[in-house]
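As provided, data-v9.cif (mmCIF, C-alpha atoms and all ligand atoms) reads as follows.
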data_start
#
loop_
_atom_site.label_atom_id
_atom_site.label_comp_id
_atom_site.auth_asym_id
_atom_site.auth_seq_id
_atom_site.Cartn_x
_atom_site.Cartn_y
_atom_site.Cartn_z
CA MET A 1 221.76 75.88 75.93
CA LYS A 2 218.42 74.44 74.92
CA THR A 3 218.53 75.80 71.37
CA ARG A 4 222.08 74.54 70.93
CA PHE A 5 220.96 71.01 71.76
CA ALA A 6 217.72 71.07 69.79
CA PRO A 7 219.24 70.01 66.43
CA PHE A 8 221.12 67.20 68.18
CA VAL A 9 217.90 65.96 69.79
CA LEU A 10 216.11 66.18 66.45
CA ILE A 11 218.83 64.16 64.74
CA CYS A 12 218.61 61.54 67.48
CA LEU A 13 214.84 61.30 67.16
CA PHE A 14 215.07 61.10 63.39
CA SER A 15 217.74 58.40 63.37
CA SER A 16 215.99 56.39 66.09
CA SER A 17 212.78 56.41 64.05
CA LEU A 18 214.76 55.29 61.01
CA TYR A 19 216.44 52.61 63.07
CA SER A 20 213.13 51.29 64.37
CA GLN A 21 211.75 50.78 60.88
CA SER A 22 212.07 47.12 60.11
CA SER A 23 211.78 45.45 56.74
CA MET A 24 209.76 42.77 58.55
CA GLU A 25 207.15 45.16 59.91
CA GLY A 26 203.63 44.06 58.99
CA LYS A 27 204.87 40.96 57.15
CA ASN A 28 202.94 37.74 57.58
CA VAL A 29 205.27 34.94 58.55
CA LEU A 30 204.45 31.28 59.06
CA ILE A 31 206.91 29.25 61.14
CA VAL A 32 206.41 25.51 60.77
CA TYR A 33 208.45 23.30 63.07
CA GLY A 34 208.78 19.68 64.09
CA GLY A 35 210.60 16.54 63.04
CA TRP A 36 213.63 15.11 64.82
CA ASN A 37 213.76 16.49 68.36
CA GLY A 38 217.57 16.58 68.55
CA HIS A 39 217.41 19.86 66.65
CA GLN A 40 215.11 21.45 69.25
CA PRO A 41 212.57 22.62 66.68
CA GLU A 42 210.38 24.36 69.23
CA VAL A 43 213.30 26.25 70.78
CA PHE A 44 214.35 27.46 67.32
CA ALA A 45 210.79 28.38 66.30
CA LYS A 46 210.21 30.43 69.47
CA LYS A 47 213.57 32.17 69.23
CA ILE A 48 212.88 33.28 65.66
CA ALA A 49 209.25 34.13 66.49
CA SER A 50 210.39 36.35 69.34
CA TRP A 51 212.77 38.25 67.05
CA LEU A 52 210.09 38.59 64.36
CA GLU A 53 207.57 39.92 66.87
CA ASN A 54 210.13 42.50 67.98
CA GLN A 55 210.32 43.51 64.31
CA ARG A 56 206.51 43.85 64.38
CA ALA A 57 205.89 41.01 61.94
CA ASN A 58 202.70 38.95 62.25
CA VAL A 59 203.79 35.46 63.23
CA THR A 60 201.84 32.21 62.97
CA LEU A 61 203.44 29.20 64.64
CA SER A 62 202.47 25.74 63.43
CA GLU A 63 203.59 22.27 64.44
CA SER A 64 202.16 20.66 61.32
CA THR A 65 202.80 20.66 57.58
CA ALA A 66 198.99 20.53 57.30
CA SER A 67 199.33 24.34 57.35
CA TYR A 68 200.75 24.12 53.83
CA VAL A 69 197.33 23.15 52.48
CA GLU A 70 195.41 25.90 54.28
CA LYS A 71 194.70 28.03 51.24
CA GLU A 72 193.67 31.21 52.99
CA LEU A 73 196.69 31.08 55.29
CA MET A 74 199.14 30.34 52.46
CA GLN A 75 197.73 33.13 50.32
CA SER A 76 198.17 35.65 53.12
CA LEU A 77 201.88 34.97 53.62
CA ASP A 78 205.05 36.89 52.85
CA LEU A 79 207.43 34.29 54.25
CA VAL A 80 207.62 30.69 55.43
CA ILE A 81 210.31 29.69 57.93
CA GLN A 82 210.59 25.96 58.34
CA HIS A 83 212.42 23.92 60.97
CA ILE A 84 211.55 20.25 60.41
CA THR A 85 214.37 17.72 60.37
CA MET A 86 213.64 14.55 58.38
CA SER A 87 209.95 13.65 58.89
CA LYS A 88 207.49 13.31 56.02
CA MET A 89 204.73 15.33 54.46
CA SER A 90 202.05 14.40 51.97
CA ASN A 91 202.34 15.23 48.28
CA ARG A 92 199.49 17.67 48.74
CA GLU A 93 201.29 19.48 51.54
CA SER A 94 204.51 19.55 49.55
CA ARG A 95 202.68 21.03 46.59
CA GLY A 96 200.95 23.59 48.83
CA LEU A 97 204.31 24.84 50.06
CA ARG A 98 205.97 24.78 46.63
CA ASP A 99 203.08 26.59 44.96
CA ALA A 100 203.20 29.34 47.58
CA ILE A 101 206.94 29.86 47.10
CA ALA A 102 206.62 29.75 43.31
CA ARG A 103 203.97 32.51 43.60
CA GLY A 104 206.45 34.73 45.44
CA VAL A 105 206.29 33.86 49.14
CA GLY A 106 209.81 33.71 50.62
CA LEU A 107 211.29 30.61 52.25
CA ALA A 108 214.04 30.62 54.87
CA GLY A 109 215.57 28.17 57.28
CA CYS A 110 218.70 26.54 58.52
CA HIS A 111 220.57 23.33 59.19
CA GLY A 112 218.44 20.15 59.14
CA GLY A 113 215.24 22.16 59.52
CA LEU A 114 215.28 23.15 55.87
CA GLY A 115 218.24 21.24 54.41
CA ASP A 116 217.48 17.77 55.77
CA SER A 117 213.70 17.66 55.60
CA PHE A 118 211.54 15.12 53.76
CA ARG A 119 214.34 12.93 52.43
CA ASN A 120 212.05 11.23 49.94
CA ASP A 121 210.71 14.47 48.46
CA THR A 122 212.96 15.47 45.56
CA GLU A 123 210.57 18.22 44.41
CA TYR A 124 211.04 19.83 47.82
CA GLN A 125 214.83 19.46 47.53
CA TYR A 126 214.72 21.02 44.06
CA MET A 127 213.16 24.10 45.68
CA VAL A 128 215.61 24.35 48.60
CA GLY A 129 218.73 23.84 46.50
CA GLY A 130 220.54 21.25 48.58
CA GLN A 131 220.23 18.23 50.80
CA PHE A 132 222.28 17.18 53.82
CA VAL A 133 224.00 13.82 53.45
CA LYS A 134 226.58 13.68 56.28
CA HIS A 135 228.51 15.63 58.90
CA PRO A 136 231.83 13.76 59.00
CA GLY A 137 233.27 13.65 62.53
CA GLY A 138 230.16 15.11 64.22
CA GLN A 139 231.15 18.21 66.18
CA THR A 140 234.29 19.60 64.55
CA ASP A 141 236.27 22.82 64.46
CA TYR A 142 236.07 24.59 61.15
CA LYS A 143 236.13 27.96 59.47
CA VAL A 144 233.27 29.62 57.60
CA THR A 145 234.58 31.73 54.72
CA ILE A 146 232.40 34.54 53.41
CA SER A 147 232.72 34.03 49.67
CA ASN A 148 230.52 36.95 48.62
CA THR A 149 231.38 40.03 50.71
CA SER A 150 229.20 42.51 48.82
CA ASP A 151 225.85 40.78 49.23
CA PRO A 152 223.46 42.49 51.71
CA VAL A 153 223.26 39.21 53.66
CA THR A 154 227.02 38.97 54.21
CA ALA A 155 228.23 42.59 53.97
CA GLY A 156 230.52 43.48 56.88
CA ILE A 157 230.64 39.93 58.23
CA ASN A 158 234.14 38.48 58.40
CA ASP A 159 235.20 34.85 58.16
CA PHE A 160 234.68 33.09 61.49
CA ASN A 161 235.48 29.84 63.29
CA LEU A 162 233.01 27.44 64.85
CA LYS A 163 232.79 24.12 66.60
CA THR A 164 229.63 22.43 65.42
CA GLU A 165 228.45 20.02 62.75
CA GLN A 166 230.03 20.65 59.37
CA TYR A 167 227.35 19.79 56.83
CA TYR A 168 228.33 17.84 53.74
CA MET A 169 225.56 18.48 51.23
CA HIS A 170 224.43 17.56 47.76
CA PHE A 171 223.69 20.94 46.26
CA ASP A 172 222.15 22.51 43.21
CA PRO A 173 224.57 24.33 40.84
CA ASN A 174 221.86 26.98 40.53
CA ILE A 175 222.31 28.32 44.08
CA GLU A 176 224.07 31.62 44.77
CA ILE A 177 226.74 30.76 47.31
CA LEU A 178 227.39 33.35 50.03
CA ALA A 179 229.67 31.40 52.40
CA THR A 180 231.64 28.19 52.23
CA THR A 181 233.67 25.80 54.34
CA SER A 182 236.48 23.44 53.47
CA PHE A 183 236.74 19.84 54.68
CA SER A 184 240.00 18.66 56.21
CA GLY A 185 239.97 15.00 55.31
CA GLU A 186 240.59 14.10 58.96
CA HIS A 187 237.52 11.88 59.09
CA ASP A 188 237.17 10.89 55.43
CA ALA A 189 240.47 11.26 53.61
CA TRP A 190 238.92 11.42 50.14
CA ILE A 191 237.08 14.69 50.87
CA ASP A 192 240.23 16.55 51.90
CA GLY A 193 240.02 20.11 50.56
CA VAL A 194 236.44 19.86 49.32
CA GLU A 195 234.73 23.26 49.38
CA MET A 196 231.13 23.17 50.49
CA PRO A 197 228.47 25.90 50.54
CA VAL A 198 227.33 26.88 54.04
CA VAL A 199 225.03 29.79 53.21
CA TRP A 200 223.16 30.32 49.96
CA LYS A 201 220.26 32.04 48.33
CA LYS A 202 218.29 31.17 45.24
CA ASN A 203 215.00 31.68 43.47
CA TYR A 204 212.15 29.26 43.06
CA GLY A 205 209.60 30.68 40.65
CA LYS A 206 208.92 34.17 41.98
CA GLY A 207 209.96 33.23 45.51
CA ARG A 208 213.28 33.80 47.26
CA VAL A 209 214.85 30.93 49.16
CA PHE A 210 217.50 31.44 51.85
CA TYR A 211 219.43 28.66 53.55
CA SER A 212 222.15 28.50 56.21
CA ALA A 213 223.63 25.15 57.19
CA LEU A 214 224.42 26.53 60.68
CA GLY A 215 221.97 25.87 63.48
CA HIS A 216 222.51 22.49 65.12
CA SER A 217 221.90 23.81 68.65
CA GLU A 218 220.58 26.95 70.26
CA ASP A 219 223.97 28.14 71.50
CA ILE A 220 225.28 28.38 67.94
CA PHE A 221 223.01 31.41 67.46
CA ASP A 222 224.96 33.18 70.22
CA VAL A 223 227.74 33.50 67.65
CA PRO A 224 226.94 36.96 66.22
CA GLU A 225 227.93 36.00 62.67
CA VAL A 226 225.59 32.98 62.70
CA TRP A 227 222.67 35.01 64.03
CA ASN A 228 223.26 37.94 61.69
CA LEU A 229 223.45 35.70 58.64
CA MET A 230 220.17 34.08 59.68
CA ILE A 231 218.18 37.25 60.25
CA ARG A 232 219.60 39.01 57.22
CA GLY A 233 218.70 35.97 55.12
CA ILE A 234 215.16 36.16 56.47
CA GLU A 235 214.99 39.86 55.61
CA TRP A 236 216.25 39.12 52.11
CA ALA A 237 213.82 36.26 51.49
CA VAL A 238 210.62 37.98 52.62
CA LYS A 239 208.22 38.96 49.86
ZN ZN A 301 222.44 18.81 63.57
#
Please express the file's structure as structure tokens.
Ligand SMILES: [Zn+2]
Amino acid sequence: MKTRFAPFVLICLFSSSLYSQSSMEGKNVLIVYGGWNGHQPEVFAKKIASWLENQRANVTLSESTASYVEKELMQSLDLVIQHITMSKMSNRESRGLRDAIARGVGLAGCHGGLGDSFRNDTEYQYMVGGQFVKHPGGQTDYKVTISNTSDPVTAGINDFNLKTEQYYMHFDPNIEILATTSFSGEHDAWIDGVEMPVVWKKNYGKGRVFYSALGHSEDIFDVPEVWNLMIRGIEWAVK
């Protein structure tokens, strides 16, 4: 009986050790959060930090863009996750972040925390690949269409429906679009049928940048597709 089960037990042990290996293990991740409180930056930062710690990443949480000019910290990083809606940072801080990403540190984030930060900083926007301008109608029902089904970030994820803010963005033609949404025209007739990126990835120098427009409130991450897109994007972006 025992010998018959031994191979099965071995397979289980082997696959569980494979399963527990995370691409985030040992990675140095800086999470910087703040800005407009309506997006619950601290709640988001702690949720992501908790997941990263479970993946055995080394997480530094910061409430200030002053971290972007801490040379030793920035040089130690594999990934920056930012959640700061609007707000401002100094030119020096902006350059500190951009230089790190250009050197190969990854950058990931969602919603206003990455895509509506530092409205007066076009160099920052050039790095991220898009900028929020409006969410017509506020909370609306819409469909997210996976436009690239073979990418590791989206593989196996089907189109899904949501009720949340539908971001209308000015975006960079250089982004690689992974998921889109279509506007109905119910709130602004002239945008009827406009297709808008929801999830994208891109490069900035040697760095990888991942963005998802989804993430207005904590409960939106209970939607498995939203959460999976986010964590897979983080795994893709890390150095
Ligand atoms: Zn929002």
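Considering the residues A:Ala179, A:Val209, A:Gly129, A:Gln82 and counting only C-alpha atoms, Lys143 of chain A has its shortest atom-to-atom contact with A:Ala179.
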List all protein, DNA and RNA residues that have any atom at most 7 Å from ligand ZN 301 (chain A), counting all atoms listed in the file, and write the list as a PyMOL selection string. chain A and resi 39+111-112+165+216
Mind pulling up the distance from atom CA of Gly113 of chain A to atom CA of Asn58 of chain A?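 Separation of atom CA of Asn58 of chain A and atom CA of Gly113 of chain A: 21.1 Å.
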Point out the residue among A:Gln166, A:Ser22, A:Ser217, A:Asn228 with the least atom-to-atom distance to Val194 of chain A, counting all atoms listed in the file.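 The shortest atom-to-atom distance to Val194 of chain A comes from A:Gln166.
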Ser182 of chain A surroundings by all atoms listed in the file, 9 Å radius, close-in-sequence under 5 positions cut, as a ChimeraX atom specification: /A:142-145,192-197
Proximity to Gln131 of chain A - best of A:Met169, A:Val153, A:Ile146, A:Val29, all atoms listed in the file: A:Met169
Distance of atom CA of Tyr204 of chain A from atom CA of Asp116 of chain A, expressed in Å to one decimal place: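 Those two atoms sit 17.9 Å apart.
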List every residue of segment 84-129 of chain A that has an atom at most 12 Å from any atom of segment 68-71 of chain A, giving for each one its closest atom pair and the distance in Å to one decimal, counting all atoms listed in the file, sorted by chain and then by ascending residue number, as a Markdown table.
| residue | atom | partner | partner_atom | distance |
| --- | --- | --- | --- | --- |
| A:Met89 | CA | A:Tyr68 | CA | 9.7 |
| A:Ser90 | CA | A:Val69 | CA | 10.0 |
| A:Asn91 | CA | A:Val69 | CA | 10.3 |
| A:Arg92 | CA | A:Val69 | CA | 7.0 |
| A:Glu93 | CA | A:Tyr68 | CA | 5.2 |
| A:Ser94 | CA | A:Tyr68 | CA | 7.3 |
| A:Arg95 | CA | A:Tyr68 | CA | 8.1 |
| A:Gly96 | CA | A:Tyr68 | CA | 5.0 |
| A:Leu97 | CA | A:Tyr68 | CA | 5.2 |
| A:Arg98 | CA | A:Tyr68 | CA | 8.9 |
| A:Asp99 | CA | A:Tyr68 | CA | 9.5 |
| A:Ala100 | CA | A:Tyr68 | CA | 8.5 |
| A:Ile101 | CA | A:Tyr68 | CA | 10.8 |
Listed atoms of segment 123-130 of chain A boxed along x, y and z, 8 Å each side, centre and edge lengths in Å, one decimal, as lines of an AutoDock Vina configuration file:
center_x = 215.6
center_y = 21.3
center_z = 46.3
size_x = 26.0
size_y = 22.1
size_z = 20.5
Please work out which residues fall within 6 Å of (210.5, 14.2, 54.2), coordinates as given in the file, with all atoms listed in the file counting, and return them as a list in words. Met86, Ser87, Lys88, Met89, Ser117, Phe118, Arg119, Asn120 and Asp121 of chain A
